[in-house]
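As stored in data-v4.pdb (PDB, C-alpha atoms (C1' of nucleotides)):
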MODEL        1
ATOM      1  CA  MET A   1      -7.705  10.051  16.843
ATOM      2  CA  ARG A   2      -9.904  12.985  15.862
ATOM      3  CA  ARG A   3      -9.548  13.637  12.173
ATOM      4  CA  ASP A   4     -11.237  16.410  10.329
ATOM      5  CA  VAL A   5     -10.933  17.690   6.805
ATOM      6  CA  PHE A   6      -9.302  20.943   7.854
ATOM      7  CA  GLN A   7      -6.499  19.201   9.638
ATOM      8  CA  ALA A   8      -6.101  16.861   6.669
ATOM      9  CA  ILE A   9      -5.617  19.620   4.109
ATOM     10  CA  ALA A  10      -3.238  21.540   6.356
ATOM     11  CA  ASP A  11      -0.272  19.536   5.130
ATOM     12  CA  PRO A  12       1.117  20.476   1.686
ATOM     13  CA  THR A  13       2.048  16.889   0.816
ATOM     14  CA  ARG A  14      -1.504  15.788   1.528
ATOM     15  CA  ARG A  15      -2.867  18.587  -0.649
ATOM     16  CA  ALA A  16      -0.550  17.371  -3.424
ATOM     17  CA  ILE A  17      -1.829  13.823  -2.960
ATOM     18  CA  ILE A  18      -5.391  15.112  -3.232
ATOM     19  CA  ALA A  19      -4.483  16.957  -6.428
ATOM     20  CA  LEU A  20      -2.981  13.809  -7.946
ATOM     21  CA  LEU A  21      -5.922  11.640  -6.956
ATOM     22  CA  ALA A  22      -8.282  14.188  -8.490
ATOM     23  CA  LEU A  23      -6.810  13.247 -11.859
ATOM     24  CA  GLN A  24      -6.957   9.489 -11.375
ATOM     25  CA  ALA A  25      -7.021   6.802  -8.710
ATOM     26  CA  MET A  26      -3.529   5.662  -7.760
ATOM     27  CA  THR A  27      -1.678   3.126  -5.661
ATOM     28  CA  PRO A  28       0.550   4.233  -2.758
ATOM     29  CA  ASN A  29       3.616   3.183  -4.736
ATOM     30  CA  ALA A  30       2.651   5.232  -7.765
ATOM     31  CA  LEU A  31       1.889   8.196  -5.525
ATOM     32  CA  ALA A  32       5.174   7.933  -3.666
ATOM     33  CA  GLU A  33       7.088   8.327  -6.927
ATOM     34  CA  HIS A  34       5.859  11.913  -7.052
ATOM     35  CA  PHE A  35       7.357  12.792  -3.701
ATOM     36  CA  ASP A  36      10.698  13.072  -2.087
ATOM     37  CA  THR A  37       9.730  10.848   0.810
ATOM     38  CA  THR A  38       9.437   7.150   1.503
ATOM     39  CA  ARG A  39       6.444   5.099   0.468
ATOM     40  CA  GLN A  40       5.654   4.615   4.137
ATOM     41  CA  ALA A  41       5.350   8.337   4.722
ATOM     42  CA  VAL A  42       2.878   8.573   1.847
ATOM     43  CA  SER A  43       1.049   5.604   3.354
ATOM     44  CA  LYS A  44       0.652   7.509   6.611
ATOM     45  CA  HIS A  45      -0.782  10.472   4.765
ATOM     46  CA  LEU A  46      -3.198   8.148   3.009
ATOM     47  CA  ARG A  47      -4.261   6.755   6.355
ATOM     48  CA  ILE A  48      -5.093  10.241   7.586
ATOM     49  CA  LEU A  49      -6.947  11.063   4.363
ATOM     50  CA  THR A  50      -8.854   7.783   4.669
ATOM     51  CA  GLU A  51      -9.733   8.409   8.313
ATOM     52  CA  CYS A  52     -11.414  11.688   7.473
ATOM     53  CA  GLU A  53     -13.003  10.118   4.393
ATOM     54  CA  LEU A  54     -11.304  12.321   1.838
ATOM     55  CA  VAL A  55     -10.147   9.227  -0.021
ATOM     56  CA  LYS A  56     -11.344   5.646  -0.206
ATOM     57  CA  GLN A  57      -9.589   2.394  -1.030
ATOM     58  CA  GLU A  58     -10.357   0.067  -3.867
ATOM     59  CA  HIS A  59      -8.598  -3.261  -3.512
ATOM     60  CA  GLN A  60      -7.471  -4.879  -6.716
ATOM     61  CA  GLY A  61      -5.365  -7.958  -6.157
ATOM     62  CA  ARG A  62      -2.403  -6.980  -4.059
ATOM     63  CA  GLU A  63      -2.689  -3.380  -5.139
ATOM     64  CA  ILE A  64      -4.834  -0.776  -3.461
ATOM     65  CA  TYR A  65      -6.111   2.066  -5.562
ATOM     66  CA  TYR A  66      -6.878   5.205  -3.615
ATOM     67  CA  GLN A  67      -9.491   7.456  -5.039
ATOM     68  CA  LEU A  68     -10.629  10.918  -4.093
ATOM     69  CA  GLU A  69     -13.975  11.278  -2.362
ATOM     70  CA  ILE A  70     -14.821  14.573  -3.986
ATOM     71  CA  GLU A  71     -18.047  14.816  -1.988
ATOM     72  CA  LYS A  72     -16.045  15.344   1.170
ATOM     73  CA  MET A  73     -14.443  18.431  -0.312
ATOM     74  CA  LYS A  74     -17.860  20.024  -0.274
ATOM     75  CA  GLU A  75     -17.549  20.146   3.476
ATOM     76  CA  ILE A  76     -14.872  22.790   3.090
ATOM     77  CA  ASP A  77     -16.980  24.567   0.516
ATOM     78  CA  LYS A  78     -19.887  24.567   2.916
ATOM     79  CA  TRP A  79     -17.715  26.120   5.625
ATOM     80  CA  LEU A  80     -16.518  28.776   3.177
ATOM     81  CA  GLU A  81     -20.093  29.562   2.194
ATOM     82  CA  GLN A  82     -20.713  31.892   5.147
ATOM     83  CA  TYR A  83     -17.614  33.907   4.283
ATOM     84  CA  ARG A  84     -18.337  33.912   0.578
ATOM     85  CA  LYS A  85     -21.594  35.636   1.442
ATOM     86  CA  ILE A  86     -19.648  38.362   3.194
ATOM     87  CA  TRP A  87     -17.180  39.056   0.421
ATOM     88  CA  GLU A  88     -19.903  38.984  -2.195
ATOM     89  CA  THR A  89     -21.883  41.543  -0.219
ATOM     90  CA  ARG A  90     -18.825  43.764   0.046
ATOM     91  CA  PHE A  91     -18.231  43.387  -3.644
ATOM     92  CA  SER A  92     -21.761  44.429  -4.525
ATOM     93  CA  GLN A  93     -21.417  47.378  -2.143
ATOM     94  CA  LEU A  94     -18.318  48.369  -4.103
ATOM     95  CA  ASP A  95     -20.399  48.021  -7.241
ATOM     96  CA  ASP A  96     -22.884  50.480  -5.753
ATOM     97  CA  VAL A  97     -20.130  52.949  -4.990
ATOM     98  CA  LEU A  98     -18.776  52.702  -8.514
ATOM     99  CA  ALA A  99     -22.256  53.087  -9.962
ATOM    100  CA  THR A 100     -22.809  56.216  -7.866
ATOM    101  CA  ILE A 101     -19.508  57.708  -9.002
ATOM    102  CA  LYS A 102     -20.376  57.004 -12.608
ATOM    103  CA  LYS A 103     -23.798  58.547 -12.179
ATOM    104  CA  GLN A 104     -22.341  61.713 -10.657
ATOM    105  CA  LYS A 105     -19.882  61.914 -13.537
ATOM    106  CA  ASP A 106     -22.638  61.523 -16.133
ATOM    107  CA  GLU A 107     -24.716  64.205 -14.485
ATOM    108  CA  LYS A 108     -21.958  66.769 -14.750
TER     109      LYS A 108
ATOM    110  CA  MET B   1       8.021  30.565  10.416
ATOM    111  CA  ARG B   2       6.131  29.648   7.275
ATOM    112  CA  ARG B   3       2.459  30.342   7.758
ATOM    113  CA  ASP B   4      -0.203  29.538   5.261
ATOM    114  CA  VAL B   5      -3.956  29.815   5.362
ATOM    115  CA  PHE B   6      -4.496  26.060   5.366
ATOM    116  CA  GLN B   7      -2.417  25.568   8.452
ATOM    117  CA  ALA B   8      -4.169  28.517  10.075
ATOM    118  CA  ILE B   9      -7.676  27.135   9.626
ATOM    119  CA  ALA B  10      -6.646  23.648  10.741
ATOM    120  CA  ASP B  11      -7.206  24.523  14.384
ATOM    121  CA  PRO B  12     -10.842  24.592  15.578
ATOM    122  CA  THR B  13     -10.243  27.450  18.013
ATOM    123  CA  ARG B  14      -8.822  29.552  15.203
ATOM    124  CA  ARG B  15     -11.820  28.765  13.018
ATOM    125  CA  ALA B  16     -14.033  29.900  15.888
ATOM    126  CA  ILE B  17     -12.036  33.114  16.188
ATOM    127  CA  ILE B  18     -12.485  33.699  12.457
ATOM    128  CA  ALA B  19     -16.227  33.135  12.825
ATOM    129  CA  LEU B  20     -16.438  35.654  15.655
ATOM    130  CA  LEU B  21     -14.369  38.246  13.817
ATOM    131  CA  ALA B  22     -16.600  37.826  10.769
ATOM    132  CA  LEU B  23     -19.399  39.343  12.828
ATOM    133  CA  GLN B  24     -17.393  42.226  14.246
ATOM    134  CA  ALA B  25     -13.875  43.336  15.061
ATOM    135  CA  MET B  26     -12.887  42.386  18.598
ATOM    136  CA  THR B  27     -10.093  42.776  21.134
ATOM    137  CA  PRO B  28      -8.121  39.748  22.381
ATOM    138  CA  ASN B  29      -9.751  40.112  25.792
ATOM    139  CA  ALA B  30     -13.246  40.111  24.349
ATOM    140  CA  LEU B  31     -12.387  37.115  22.186
ATOM    141  CA  ALA B  32     -10.888  35.171  25.073
ATOM    142  CA  GLU B  33     -14.174  35.387  26.960
ATOM    143  CA  HIS B  34     -15.657  33.065  24.344
ATOM    144  CA  PHE B  35     -13.114  30.336  24.970
ATOM    145  CA  ASP B  36     -12.055  28.018  27.696
ATOM    146  CA  THR B  37      -8.422  29.048  27.460
ATOM    147  CA  THR B  38      -6.252  31.855  28.707
ATOM    148  CA  ARG B  39      -6.075  35.199  26.982
ATOM    149  CA  GLN B  40      -2.471  34.438  26.075
ATOM    150  CA  ALA B  41      -3.469  31.322  24.174
ATOM    151  CA  VAL B  42      -5.947  33.375  22.165
ATOM    152  CA  SER B  43      -3.194  35.912  21.607
ATOM    153  CA  LYS B  44      -0.989  33.220  20.128
ATOM    154  CA  HIS B  45      -3.754  32.184  17.774
ATOM    155  CA  LEU B  46      -4.177  35.811  16.739
ATOM    156  CA  ARG B  47      -0.467  36.006  16.030
ATOM    157  CA  ILE B  48      -0.711  33.044  13.674
ATOM    158  CA  LEU B  49      -3.790  34.497  11.989
ATOM    159  CA  THR B  50      -1.984  37.824  11.625
ATOM    160  CA  GLU B  51       1.145  36.203  10.195
ATOM    161  CA  CYS B  52      -0.814  34.615   7.370
ATOM    162  CA  GLU B  53      -2.815  37.826   6.920
ATOM    163  CA  LEU B  54      -6.188  36.375   7.786
ATOM    164  CA  VAL B  55      -6.709  39.144  10.334
ATOM    165  CA  LYS B  56      -5.307  42.618  10.796
ATOM    166  CA  GLN B  57      -4.871  44.828  13.817
ATOM    167  CA  GLU B  58      -6.418  48.196  14.403
ATOM    168  CA  HIS B  59      -4.886  49.963  17.364
ATOM    169  CA  GLN B  60      -7.220  52.110  19.396
ATOM    170  CA  GLY B  61      -5.650  53.463  22.558
ATOM    171  CA  ARG B  62      -4.418  50.549  24.594
ATOM    172  CA  GLU B  63      -6.835  48.218  22.927
ATOM    173  CA  ILE B  64      -6.205  46.358  19.712
ATOM    174  CA  TYR B  65      -9.172  45.465  17.569
ATOM    175  CA  TYR B  66      -8.624  42.471  15.344
ATOM    176  CA  GLN B  67     -10.590  42.349  12.168
ATOM    177  CA  LEU B  68     -11.041  39.652   9.592
ATOM    178  CA  GLU B  69      -9.305  40.062   6.249
ATOM    179  CA  ILE B  70     -12.044  38.427   4.242
ATOM    180  CA  GLU B  71     -10.039  38.765   1.034
ATOM    181  CA  LYS B  72      -7.578  36.190   2.291
ATOM    182  CA  MET B  73     -10.343  33.635   2.593
ATOM    183  CA  LYS B  74     -10.645  33.750  -1.164
ATOM    184  CA  GLU B  75      -7.327  31.947  -1.305
ATOM    185  CA  ILE B  76      -9.048  28.843   0.038
ATOM    186  CA  ASP B  77     -11.904  29.382  -2.363
ATOM    187  CA  LYS B  78      -9.429  29.583  -5.217
ATOM    188  CA  TRP B  79      -7.858  26.304  -4.170
ATOM    189  CA  LEU B  80     -11.284  24.687  -3.955
ATOM    190  CA  GLU B  81     -12.156  25.928  -7.419
ATOM    191  CA  GLN B  82     -10.420  23.054  -9.225
ATOM    192  CA  TYR B  83     -12.337  20.506  -7.174
ATOM    193  CA  ARG B  84     -15.611  22.365  -7.473
ATOM    194  CA  LYS B  85     -15.256  21.971 -11.222
ATOM    195  CA  ILE B  86     -15.007  18.223 -10.756
ATOM    196  CA  TRP B  87     -18.048  17.820  -8.545
ATOM    197  CA  GLU B  88     -20.101  20.130 -10.735
ATOM    198  CA  THR B  89     -19.202  18.043 -13.772
ATOM    199  CA  ARG B  90     -20.209  14.879 -11.943
ATOM    200  CA  PHE B  91     -23.436  16.546 -10.911
ATOM    201  CA  SER B  92     -24.282  17.541 -14.456
ATOM    202  CA  GLN B  93     -23.472  13.993 -15.564
ATOM    203  CA  LEU B  94     -25.972  12.797 -12.963
ATOM    204  CA  ASP B  95     -28.407  15.294 -14.433
ATOM    205  CA  ASP B  96     -27.885  13.675 -17.814
ATOM    206  CA  VAL B  97     -28.565  10.254 -16.372
ATOM    207  CA  LEU B  98     -31.734  11.466 -14.710
ATOM    208  CA  ALA B  99     -32.854  13.187 -17.887
ATOM    209  CA  THR B 100     -32.317   9.984 -19.854
ATOM    210  CA  ILE B 101     -34.299   7.958 -17.362
ATOM    211  CA  LYS B 102     -37.139  10.464 -17.507
ATOM    212  CA  LYS B 103     -37.080  10.421 -21.305
ATOM    213  CA  GLN B 104     -37.259   6.627 -21.399
ATOM    214  CA  LYS B 105     -40.174   6.727 -18.983
ATOM    215  CA  ASP B 106     -42.037   9.300 -21.072
ATOM    216  CA  GLU B 107     -41.508   7.250 -24.205
ATOM    217  CA  LYS B 108     -43.170   4.220 -22.696
TER     218      LYS B 108
ATOM    219  C1'  DT C   1       2.256  60.069  40.202
ATOM    220  C1'  DA C   2       0.709  55.646  41.608
ATOM    221  C1'  DT C   3      -2.382  52.024  40.161
ATOM    222  C1'  DA C   4      -5.158  49.309  37.170
ATOM    223  C1'  DA C   5      -6.070  47.476  32.573
ATOM    224  C1'  DT C   6      -4.739  45.664  27.942
ATOM    225  C1'  DT C   7      -1.638  43.463  25.509
ATOM    226  C1'  DG C   8       2.518  40.778  23.547
ATOM    227  C1'  DC C   9       6.502  37.953  24.465
ATOM    228  C1'  DA C  10       9.551  34.397  26.507
ATOM    229  C1'  DA C  11      10.210  30.122  28.776
ATOM    230  C1'  DC C  12       8.540  25.934  29.605
ATOM    231  C1'  DC C  13       5.689  21.489  28.937
ATOM    232  C1'  DA C  14       3.137  17.429  27.271
ATOM    233  C1'  DA C  15       1.107  15.856  23.061
ATOM    234  C1'  DT C  16       1.082  15.479  18.254
ATOM    235  C1'  DC C  17       3.232  15.489  13.609
ATOM    236  C1'  DG C  18       5.776  14.034   9.723
ATOM    237  C1'  DG C  19       9.404  11.477   8.808
ATOM    238  C1'  DT C  20      12.470   7.242   9.058
ATOM    239  C1'  DT C  21      13.779   2.187   9.537
ATOM    240  C1'  DT C  22      12.292  -2.367  10.416
ATOM    241  C1'  DC C  23       9.043  -5.978  10.270
ATOM    242  C1'  DA C  24       4.708  -8.711   9.064
ATOM    243  C1'  DT C  25       1.264 -10.038   5.754
ATOM    244  C1'  DA C  26      -0.816 -11.084   1.508
ATOM    245  C1'  DA C  27      -0.787 -11.627  -3.519
ATOM    246  C1'  DA C  28       1.656 -12.670  -7.773
ATOM    247  C1'  DC C  29       5.343 -14.642 -10.191
ATOM    248  C1'  DT C  30       9.238 -18.471 -11.350
TER     249       DT C  30
ATOM    250  C1'  DA D   1       7.491 -24.157  -2.771
ATOM    251  C1'  DG D   2      10.329 -20.151  -2.823
ATOM    252  C1'  DT D   3      10.914 -15.425  -4.248
ATOM    253  C1'  DT D   4       9.457 -10.974  -5.473
ATOM    254  C1'  DT D   5       6.093  -7.217  -5.092
ATOM    255  C1'  DA D   6       2.707  -4.205  -2.723
ATOM    256  C1'  DT D   7       1.209  -2.711   1.324
ATOM    257  C1'  DG D   8       0.239  -1.448   6.339
ATOM    258  C1'  DA D   9       1.768  -1.327  11.171
ATOM    259  C1'  DA D  10       5.048  -0.520  14.894
ATOM    260  C1'  DA D  11       8.798   1.672  17.114
ATOM    261  C1'  DC D  12      11.398   5.438  17.267
ATOM    262  C1'  DC D  13      13.000  10.489  16.572
ATOM    263  C1'  DG D  14      13.409  15.510  16.223
ATOM    264  C1'  DA D  15      10.432  19.445  15.321
ATOM    265  C1'  DT D  16       6.214  21.706  15.918
ATOM    266  C1'  DT D  17       1.832  22.598  18.291
ATOM    267  C1'  DG D  18      -1.286  24.430  21.584
ATOM    268  C1'  DG D  19      -1.378  25.285  26.022
ATOM    269  C1'  DT D  20       0.372  27.297  30.523
ATOM    270  C1'  DT D  21       2.668  30.777  33.876
ATOM    271  C1'  DG D  22       5.316  34.817  34.568
ATOM    272  C1'  DC D  23       6.925  39.221  33.067
ATOM    273  C1'  DA D  24       7.536  43.688  30.561
ATOM    274  C1'  DA D  25       5.558  47.605  28.061
ATOM    275  C1'  DT D  26       2.050  50.821  27.131
ATOM    276  C1'  DT D  27      -2.191  53.371  28.010
ATOM    277  C1'  DA D  28      -5.943  54.892  30.913
ATOM    278  C1'  DT D  29      -7.645  56.196  35.387
ATOM    279  C1'  DA D  30      -7.554  57.473  40.664
TER     280       DA D  30
ENDMDL
END

Have the structure of the file written as structure tokens, please.
Amino acid sequence: MRRDVFQAIADPTRRAIIALLALQAMTPNALAEHFDTTRQAVSKHLRILTECELVKQEHQGREIYYQLEIEKMKEIDKWLEQYRKIWETRFSQLDDVLATIKKQKDEK
Amino acid sequence: MRRDVFQAIADPTRRAIIALLALQAMTPNALAEHFDTTRQAVSKHLRILTECELVKQEHQGREIYYQLEIEKMKEIDKWLEQYRKIWETRFSQLDDVLATIKKQKDEK
DNA sequence: TATAATTGCAACCAATCGGTTTCATAAACT
DNA sequence: AGTTTATGAAACCGATTGGTTGCAATTATA
């Protein structure tokens, strides 16, 4: 059962769960109230999120609070980093172009 | 056929294609040489990447050069933004803790 | 013009996905 | 002790996925 972060965030329901857990830790039941599916379906999503360590459990009596492991999100950020470099370079190149145009204008 | 960026980057082969296209525009044939699959499989991946506008085609004779639409990657960055805020806040809180510890030490 | 090269598309296939219903287990009430 | 509550796990199901092979269309080359 290979689980990685990218596969985990591919599903919109799981992204919504992540968004909710970013605000506060929640139980599966509480989470399920926000969706149009059964509690069991949410539970399966939580299993996937747990497997790739995007969330962790905190047992409290018979309830289980799921909380977001924000650190794991950095993995996506790290992957994006290489591409961010590219678009930032392109942006600064555009800056150069604009600066040149302005300069030419001023020199008129 | 709903395609979104998150579903597109879920597949490791597609992420590899994105990485290759970040370096230079390439034809499906050239891309396929980097993978252990058929050219048609790569073609299907390119179709998905095209549908969600992560790559665009540039026809050149009978060849088609695929090039990365880096702008679209920002969509992921934008989504990450909300979580980046959280981990940066936590980091600065850690900074505070460390600063306090240092202060207490210095005051000894 | 015939042939080779580059590509996308359709049909098919096994595996996986996201969902459901049903059941088992453990903790908290009455 | 018996019942309710909170949860995960298993079995099942239709849809989707990522792959294949085979074919058609277009462009370049002999």

As an mmCIF file with C-alpha atoms, in the coordinates of the input, could you give me every residue of chain B near chain A (at most 9 Å apart, counting all atoms listed in the file)?
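Wrote it out as result34.cif, contents follow:
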data_model
loop_
_atom_site.group_PDB
_atom_site.id
_atom_site.type_symbol
_atom_site.label_atom_id
_atom_site.label_comp_id
_atom_site.auth_asym_id
_atom_site.auth_seq_id
_atom_site.Cartn_x
_atom_site.Cartn_y
_atom_site.Cartn_z
ATOM 1 C CA ASP B 4 -0.203 29.538 5.261
ATOM 2 C CA VAL B 5 -3.956 29.815 5.362
ATOM 3 C CA PHE B 6 -4.496 26.060 5.366
ATOM 4 C CA GLN B 7 -2.417 25.568 8.452
ATOM 5 C CA ALA B 8 -4.169 28.517 10.075
ATOM 6 C CA ILE B 9 -7.676 27.135 9.626
ATOM 7 C CA ALA B 10 -6.646 23.648 10.741
ATOM 8 C CA ASP B 11 -7.206 24.523 14.384
ATOM 9 C CA PRO B 12 -10.842 24.592 15.578
ATOM 10 C CA ALA B 19 -16.227 33.135 12.825
ATOM 11 C CA ALA B 22 -16.600 37.826 10.769
ATOM 12 C CA ILE B 70 -12.044 38.427 4.242
ATOM 13 C CA GLU B 71 -10.039 38.765 1.034
ATOM 14 C CA MET B 73 -10.343 33.635 2.593
ATOM 15 C CA LYS B 74 -10.645 33.750 -1.164
ATOM 16 C CA ILE B 76 -9.048 28.843 0.038
ATOM 17 C CA ASP B 77 -11.904 29.382 -2.363
ATOM 18 C CA LEU B 80 -11.284 24.687 -3.955
ATOM 19 C CA GLN B 82 -10.420 23.054 -9.225
ATOM 20 C CA TYR B 83 -12.337 20.506 -7.174
ATOM 21 C CA ARG B 84 -15.611 22.365 -7.473
ATOM 22 C CA ILE B 86 -15.007 18.223 -10.756
ATOM 23 C CA TRP B 87 -18.048 17.820 -8.545
#

Applied to this file, what does the PyMOL selection byres ((chain C) within 12 of (chain B)) return in terms of residues, put as an MDAnalysis selection string?
chainID C and resid 5:9

Go through the shown structure with the PyMOL selection byres ((chain D) within 12 of (chain A)) and write out the matching residues as a PyMOL selection string.
chain D and resi 5-10

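Relative to atom C1' of C:DA26, atom CA of A:Tyr65 is found at 15.8 Å.
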
Stretch 17-29 of chain D, all listed atoms, 6 Å padding on each side: what axis-aligned box centre and edge lengths in Å to one decimal come out, as lines of an AutoDock Vina configuration file?
center_x = -0.1
center_y = 39.4
center_z = 26.8
size_x = 27.2
size_y = 45.6
size_z = 29.1

Using all atoms listed in the file and a cutoff of 12 Å, can you tell me which residues are near (0.2, 60.6, 41.0) in the file's coordinates, and write them out as a PyMOL selection string?
(chain C and resi 1-3) or (chain D and resi 29-30)

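For the atom pair formed by atom CA of B:Leu68 and atom CA of B:Leu21, the distance is 5.6 Å, given to one decimal.
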
Using the chain letters and residue numbers of this document, give as a PDB file with C-alpha atoms (C1' of nucleotides), in the frame of the given file the residues selected by the PyMOL selection byres ((chain C and resi 15-18) around 12).
ATOM      1  CA  MET A   1      -7.705  10.051  16.843  1.00  0.00           C
ATOM      2  CA  ARG A   2      -9.904  12.985  15.862  1.00  0.00           C
ATOM      3  CA  GLN A   7      -6.499  19.201   9.638  1.00  0.00           C
ATOM      4  CA  ALA A   8      -6.101  16.861   6.669  1.00  0.00           C
ATOM      5  CA  ALA A  10      -3.238  21.540   6.356  1.00  0.00           C
ATOM      6  CA  ASP A  11      -0.272  19.536   5.130  1.00  0.00           C
ATOM      7  CA  PRO A  12       1.117  20.476   1.686  1.00  0.00           C
ATOM      8  CA  THR A  13       2.048  16.889   0.816  1.00  0.00           C
ATOM      9  CA  ARG A  14      -1.504  15.788   1.528  1.00  0.00           C
ATOM     10  CA  THR A  37       9.730  10.848   0.810  1.00  0.00           C
ATOM     11  CA  THR A  38       9.437   7.150   1.503  1.00  0.00           C
ATOM     12  CA  GLN A  40       5.654   4.615   4.137  1.00  0.00           C
ATOM     13  CA  ALA A  41       5.350   8.337   4.722  1.00  0.00           C
ATOM     14  CA  VAL A  42       2.878   8.573   1.847  1.00  0.00           C
ATOM     15  CA  SER A  43       1.049   5.604   3.354  1.00  0.00           C
ATOM     16  CA  LYS A  44       0.652   7.509   6.611  1.00  0.00           C
ATOM     17  CA  HIS A  45      -0.782  10.472   4.765  1.00  0.00           C
ATOM     18  CA  ILE A  48      -5.093  10.241   7.586  1.00  0.00           C
TER      19      ILE A  48
ATOM     20  C1'  DC C  13       5.689  21.489  28.937  1.00  0.00           C
ATOM     21  C1'  DA C  14       3.137  17.429  27.271  1.00  0.00           C
ATOM     22  C1'  DG C  19       9.404  11.477   8.808  1.00  0.00           C
ATOM     23  C1'  DT C  20      12.470   7.242   9.058  1.00  0.00           C
TER      24       DT C  20
ATOM     25  C1'  DC D  13      13.000  10.489  16.572  1.00  0.00           C
ATOM     26  C1'  DG D  14      13.409  15.510  16.223  1.00  0.00           C
ATOM     27  C1'  DA D  15      10.432  19.445  15.321  1.00  0.00           C
ATOM     28  C1'  DT D  16       6.214  21.706  15.918  1.00  0.00           C
ATOM     29  C1'  DT D  17       1.832  22.598  18.291  1.00  0.00           C
ATOM     30  C1'  DG D  18      -1.286  24.430  21.584  1.00  0.00           C
ATOM     31  C1'  DG D  19      -1.378  25.285  26.022  1.00  0.00           C
TER      32       DG D  19
END

Take stretch 47-65 of chain B, bring it up to N, CA and C atoms, and give me the output as a JSON list (two decimals), keeping the file's coordinate frame.
[["chain", "number", "residue", "atom", "x", "y", "z"],
["B", 47, "ARG", "N", -1.77, 35.77, 16.65],
["B", 47, "ARG", "CA", -0.47, 36.01, 16.03],
["B", 47, "ARG", "C", -0.34, 35.19, 14.75],
["B", 48, "ILE", "N", -0.76, 33.92, 14.84],
["B", 48, "ILE", "CA", -0.71, 33.04, 13.67],
["B", 48, "ILE", "C", -1.63, 33.56, 12.57],
["B", 49, "LEU", "N", -2.84, 33.97, 12.97],
["B", 49, "LEU", "CA", -3.79, 34.50, 11.99],
["B", 49, "LEU", "C", -3.28, 35.79, 11.35],
["B", 50, "THR", "N", -2.55, 36.57, 12.15],
["B", 50, "THR", "CA", -1.98, 37.82, 11.62],
["B", 50, "THR", "C", -0.85, 37.53, 10.65],
["B", 51, "GLU", "N", -0.01, 36.56, 11.03],
["B", 51, "GLU", "CA", 1.14, 36.20, 10.20],
["B", 51, "GLU", "C", 0.73, 35.74, 8.80],
["B", 52, "CYS", "N", -0.40, 35.06, 8.71],
["B", 52, "CYS", "CA", -0.81, 34.62, 7.37],
["B", 52, "CYS", "C", -1.85, 35.57, 6.80],
["B", 53, "GLU", "N", -1.97, 36.73, 7.43],
["B", 53, "GLU", "CA", -2.82, 37.83, 6.92],
["B", 53, "GLU", "C", -4.30, 37.51, 6.83],
["B", 54, "LEU", "N", -4.75, 36.66, 7.74],
["B", 54, "LEU", "CA", -6.19, 36.38, 7.79],
["B", 54, "LEU", "C", -6.91, 37.41, 8.64],
["B", 55, "VAL", "N", -6.15, 38.05, 9.53],
["B", 55, "VAL", "CA", -6.71, 39.14, 10.33],
["B", 55, "VAL", "C", -5.71, 40.30, 10.34],
["B", 56, "LYS", "N", -6.22, 41.48, 10.64],
["B", 56, "LYS", "CA", -5.31, 42.62, 10.80],
["B", 56, "LYS", "C", -5.66, 43.39, 12.05],
["B", 57, "GLN", "N", -4.67, 44.08, 12.58],
["B", 57, "GLN", "CA", -4.87, 44.83, 13.82],
["B", 57, "GLN", "C", -5.29, 46.25, 13.53],
["B", 58, "GLU", "N", -6.08, 46.78, 14.46],
["B", 58, "GLU", "CA", -6.42, 48.20, 14.40],
["B", 58, "GLU", "C", -6.26, 48.74, 15.81],
["B", 59, "HIS", "N", -5.18, 49.44, 16.03],
["B", 59, "HIS", "CA", -4.89, 49.96, 17.36],
["B", 59, "HIS", "C", -5.83, 51.11, 17.70],
["B", 60, "GLN", "N", -6.30, 51.08, 18.94],
["B", 60, "GLN", "CA", -7.22, 52.11, 19.40],
["B", 60, "GLN", "C", -6.94, 52.31, 20.87],
["B", 61, "GLY", "N", -6.09, 53.26, 21.18],
["B", 61, "GLY", "CA", -5.65, 53.46, 22.56],
["B", 61, "GLY", "C", -4.85, 52.27, 22.99],
["B", 62, "ARG", "N", -5.16, 51.73, 24.14],
["B", 62, "ARG", "CA", -4.42, 50.55, 24.59],
["B", 62, "ARG", "C", -5.06, 49.26, 24.11],
["B", 63, "GLU", "N", -6.16, 49.41, 23.46],
["B", 63, "GLU", "CA", -6.84, 48.22, 22.93],
["B", 63, "GLU", "C", -6.44, 47.97, 21.48],
["B", 64, "ILE", "N", -6.49, 46.71, 21.09],
["B", 64, "ILE", "CA", -6.20, 46.36, 19.71],
["B", 64, "ILE", "C", -7.40, 45.60, 19.16],
["B", 65, "TYR", "N", -8.05, 46.16, 18.19],
["B", 65, "TYR", "CA", -9.17, 45.46, 17.57],
["B", 65, "TYR", "C", -8.64, 44.63, 16.41]]
